[in-house]
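Source file coords.cif; content: mmCIF, C-alpha atoms.
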data_upload
loop_
_atom_site.label_atom_id
_atom_site.label_comp_id
_atom_site.auth_asym_id
_atom_site.auth_seq_id
_atom_site.Cartn_x
_atom_site.Cartn_y
_atom_site.Cartn_z
CA GLY A 7 157.51 43.62 11.19
CA GLY A 8 160.27 41.30 12.39
CA ALA A 9 162.91 43.75 11.16
CA LEU A 10 161.37 46.59 13.17
CA VAL A 11 161.20 44.47 16.32
CA PHE A 12 164.77 43.22 15.84
CA HIS A 13 166.04 46.77 15.27
CA PHE A 14 164.35 47.90 18.50
CA VAL A 15 165.82 44.98 20.45
CA ALA A 16 169.33 45.38 19.02
CA TYR A 17 169.65 49.14 19.36
CA ASP A 18 167.34 50.08 22.23
CA LEU A 19 167.26 47.07 24.56
CA TYR A 20 170.79 45.78 23.89
CA GLY A 21 172.28 49.25 23.40
CA GLY A 22 173.83 48.38 20.03
CA VAL A 23 175.57 45.22 21.25
CA ALA A 24 174.40 42.80 18.55
CA ASP A 25 175.95 41.02 15.57
CA ALA A 26 173.74 43.02 13.19
CA VAL A 27 175.46 46.23 14.31
CA ASP A 28 178.87 44.77 13.43
CA TYR A 29 177.64 43.54 10.04
CA HIS A 30 176.14 46.94 9.29
CA GLN A 31 179.32 48.78 10.22
CA GLY A 32 181.46 46.35 8.24
CA GLY A 33 179.18 46.82 5.24
CA VAL A 34 179.40 50.60 5.50
CA GLU A 35 183.21 50.47 5.59
CA LEU A 36 183.38 48.10 2.62
CA ALA A 37 180.91 50.22 0.63
CA GLU A 38 183.18 53.25 1.09
CA LYS A 39 186.11 51.22 -0.27
CA PHE A 40 184.07 49.81 -3.16
CA ARG A 41 182.86 53.26 -4.19
CA ALA A 42 186.47 54.48 -4.19
CA GLY A 43 187.42 51.65 -6.55
CA ASN A 44 189.23 49.59 -3.91
CA TYR A 45 187.79 46.06 -4.01
CA ASP A 46 190.19 44.54 -1.49
CA THR A 47 188.02 43.43 1.40
CA GLY A 48 190.93 42.78 3.73
CA PHE A 49 189.59 39.33 4.63
CA ASP A 50 191.64 36.15 4.31
CA ASP A 51 188.61 34.24 3.03
CA LEU A 52 185.06 35.17 2.16
CA THR A 53 183.13 32.76 4.34
CA GLY A 54 181.09 33.17 7.51
CA VAL A 55 181.09 36.65 9.02
CA ALA A 56 183.27 38.07 6.24
CA PHE A 57 180.81 36.92 3.57
CA ILE A 58 177.88 38.68 5.26
CA LYS A 59 179.91 41.88 5.58
CA VAL A 60 180.77 41.70 1.88
CA VAL A 61 177.09 41.18 0.97
CA ALA A 62 176.20 44.19 3.12
CA GLY A 63 179.02 46.17 1.51
CA ILE A 64 177.78 45.37 -2.00
CA LEU A 65 174.23 46.25 -0.97
CA TYR A 66 175.33 49.58 0.54
CA THR A 67 177.40 50.34 -2.55
CA ILE A 68 174.18 50.13 -4.55
CA ILE A 69 171.60 51.70 -2.20
CA GLY A 70 173.81 53.75 0.11
CA PRO A 71 174.77 53.07 3.72
CA THR A 72 171.32 52.88 5.25
CA LYS A 73 170.69 50.67 8.24
CA PHE A 74 166.97 50.56 7.46
CA GLY A 75 167.66 49.44 3.89
CA GLY A 76 170.01 46.73 5.15
CA TYR A 77 167.39 45.43 7.56
CA LEU A 78 164.72 45.40 4.86
CA PHE A 79 166.96 43.63 2.34
CA PHE A 80 168.06 40.91 4.77
CA SER A 81 164.48 40.54 6.08
CA TRP A 82 163.36 39.99 2.52
CA LEU A 83 166.01 37.28 2.07
CA GLY A 84 164.77 35.54 5.22
CA PHE A 85 161.13 35.83 4.14
CA LEU A 86 161.92 34.46 0.69
CA GLY A 87 163.62 31.47 2.33
CA LEU A 88 160.58 30.83 4.52
CA PHE A 89 158.32 31.09 1.48
CA LEU A 90 160.50 28.54 -0.33
CA PHE A 91 160.09 26.18 2.65
CA TYR A 92 156.34 26.58 2.24
CA ARG A 93 156.57 25.87 -1.50
CA ALA A 94 158.72 22.82 -0.81
CA PHE A 95 156.02 21.54 1.55
CA THR A 96 153.25 22.03 -1.00
CA ILE A 97 155.25 20.13 -3.62
CA ALA A 98 156.48 17.31 -1.38
CA VAL A 99 153.24 16.84 0.56
CA PRO A 100 150.42 17.90 -1.78
CA GLU A 101 147.77 16.34 0.46
CA GLY A 102 149.17 18.15 3.53
CA ARG A 103 147.60 21.04 5.39
CA ALA A 104 149.36 23.85 3.53
CA ARG A 105 147.59 26.71 5.33
CA THR A 106 148.56 25.34 8.74
CA TYR A 107 152.15 24.86 7.62
CA ALA A 108 152.23 28.39 6.20
CA ARG A 109 151.00 29.80 9.51
CA PHE A 110 153.74 27.95 11.37
CA VAL A 111 156.55 28.76 9.01
CA LEU A 112 155.67 32.41 8.39
CA PHE A 113 154.42 33.46 11.83
CA LEU A 114 156.35 31.40 14.35
CA PRO A 115 157.97 34.09 16.51
CA SER A 116 161.51 32.74 16.27
CA LEU A 117 161.26 32.42 12.47
CA ALA A 118 159.82 35.92 12.16
CA PHE A 119 162.39 37.48 14.53
CA TRP A 120 165.86 36.01 13.98
CA PRO A 121 166.14 36.10 10.18
CA SER A 122 164.84 39.70 10.13
CA SER A 123 168.15 41.43 10.67
CA ILE A 124 171.41 42.04 8.88
CA GLY A 125 173.20 38.76 9.44
CA LYS A 126 173.82 35.10 8.83
CA GLU A 127 170.36 33.95 9.86
CA ALA A 128 168.62 35.64 6.93
CA TRP A 129 171.16 34.29 4.44
CA MET A 130 170.94 30.80 5.89
CA MET A 131 167.14 30.86 5.84
CA LEU A 132 167.28 31.73 2.14
CA ALA A 133 169.94 29.11 1.40
CA LEU A 134 168.11 26.34 3.23
CA GLY A 135 164.81 27.37 1.65
CA VAL A 136 166.39 27.13 -1.82
CA ALA A 137 167.86 23.71 -0.95
CA ALA A 138 164.55 22.42 0.46
CA TYR A 139 162.62 23.66 -2.57
CA GLY A 140 165.15 22.07 -4.91
CA SER A 141 165.00 18.80 -2.99
CA ALA A 142 161.21 18.75 -3.14
CA ARG A 143 161.31 19.34 -6.89
CA ALA A 144 163.95 16.66 -7.36
CA LEU A 145 161.91 14.11 -5.43
CA SER A 146 158.68 14.94 -7.24
CA GLY A 147 159.82 14.26 -10.78
CA ASN A 148 161.79 17.33 -11.84
CA THR A 149 165.07 15.63 -10.97
CA TRP A 150 167.82 17.60 -12.68
CA ARG A 151 166.44 21.10 -12.11
CA GLY A 152 165.65 20.17 -8.53
CA LEU A 153 169.14 18.79 -7.90
CA LEU A 154 170.65 21.91 -9.44
CA MET A 155 168.57 24.14 -7.18
CA ALA A 156 169.30 21.98 -4.11
CA GLY A 157 173.01 22.17 -4.93
CA LEU A 158 172.79 25.95 -5.27
CA GLY A 159 171.12 26.18 -1.86
CA MET A 160 173.74 23.96 -0.24
CA TRP A 161 176.54 26.00 -1.84
CA MET A 162 174.94 29.21 -0.52
CA ALA A 163 174.72 27.67 2.94
CA GLY A 164 178.32 26.48 2.70
CA LEU A 165 179.49 30.06 2.23
CA VAL A 166 178.29 30.93 5.71
CA ARG A 167 177.86 27.70 7.68
CA PRO A 168 179.50 24.70 5.97
CA HIS A 169 178.43 22.26 8.67
CA ILE A 170 174.75 23.18 8.19
CA ALA A 171 175.14 22.72 4.42
CA GLY A 172 176.56 19.27 5.16
CA LEU A 173 173.56 18.41 7.29
CA MET A 174 171.24 19.57 4.53
#

Rewrite the coordinates I just gave you, this time as structure tokens.
Amino acid sequence: GGALVFHFVAYDLYGGVADAVDYHQGGVELAEKFRAGNYDTGFDDLTGVAFIKVVAGILYTIIGPTKFGGYLFFSWLGFLGLFLFYRAFTIAVPEGRARTYARFVLFLPSLAFWPSSIGKEAWMMLALGVAAYGSARALSGNTWRGLLMAGLGMWMAGLVRPHIAGLM
């Protein structure tokens, strides 16, 4: 639902002036190169905006250059991250009100809207969800697997927003 609303806002209300449009177009161009056997992205480094365009390019190489498919894929990443935040809560605070937390984390309008498009927000939501879940596991007795998962989440976040990974 968030992906449909975001698509309407980005293309109808904003007239196509949104970061998601740039990421989609960059992904389409990279997918054409990748399908032709040219794997040079043309970027100096693969962090931040360039990383998201490469992810979109790889996705479009597999499924074809479909804006709807891109929105669904990135929405799924964002949702998976939110679900991992919920799982981290249930592990770290077993006596907590899990249903209330789930309602907040899954249905808060800003969390349902922003990570539902092609872009950094969805990736960061997934990365931070992985790191939070790993941290909860590490602090609840599954130390090494939890630290490994938390490290993976922080590395994923560092690919797009290193300063946020540092805060995590």

For the structure provided, state which residues fall under the PyMOL selection byres ((chain A and resi 119) around 9), and present them as a ChimeraX atom specification. /A:7-9,11-12,114-118,120-123

Rank A:Ile58, A:Ala24, A:Ala133, A:Val34 by their smallest atom-to-atom distance to A:Phe89, using all atoms listed in the file, and report the top residue only. A:Ala133

Please evaluate the PyMOL selection byres ((chain A and resi 51-53) around 10) against the structure above and give the resulting residues as a PyMOL selection string. chain A and resi 47-50+54-60+163-168

Proximity check stretch 12-57 of chain A to stretch 68-79 of chain A, 12 Å, nearest pairs one decimal Å, only C-alpha atoms, as CSV:
residue,atom,partner,partner_atom,distance
A:Phe12,CA,A:Tyr77,CA,9.0
A:His13,CA,A:Tyr77,CA,7.9
A:Phe14,CA,A:Tyr77,CA,11.6
A:Ala16,CA,A:Tyr77,CA,11.6
A:Tyr17,CA,A:Lys73,CA,11.3
A:Ala26,CA,A:Tyr77,CA,8.8
A:Val27,CA,A:Lys73,CA,8.9
A:Asp28,CA,A:Lys73,CA,11.3
A:Tyr29,CA,A:Gly76,CA,9.6
A:His30,CA,A:Lys73,CA,6.7
A:Gln31,CA,A:Pro71,CA,9.0
A:Gly32,CA,A:Pro71,CA,10.5
A:Gly33,CA,A:Pro71,CA,7.8
A:Val34,CA,A:Pro71,CA,5.5
A:Glu35,CA,A:Pro71,CA,9.0
A:Leu36,CA,A:Pro71,CA,10.0
A:Ala37,CA,A:Pro71,CA,7.4
A:Glu38,CA,A:Pro71,CA,8.8
A:Phe40,CA,A:Ile68,CA,10.0
A:Arg41,CA,A:Ile68,CA,9.2

For A:Ala171, work out the shell of residues within 12 Å, counting all atoms listed in the file and skipping chain neighbours fewer than 2 positions away, then give it as a ChimeraX atom specification. /A:130-131,133-138,156-169,173-174

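Across the structure, atom CA of A:Ile124 and atom CA of A:Phe80 are spaced 5.4 Å apart.
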
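Take atom CA of A:Glu127 and atom CA of A:Tyr139: the distance between them is 17.9 Å.
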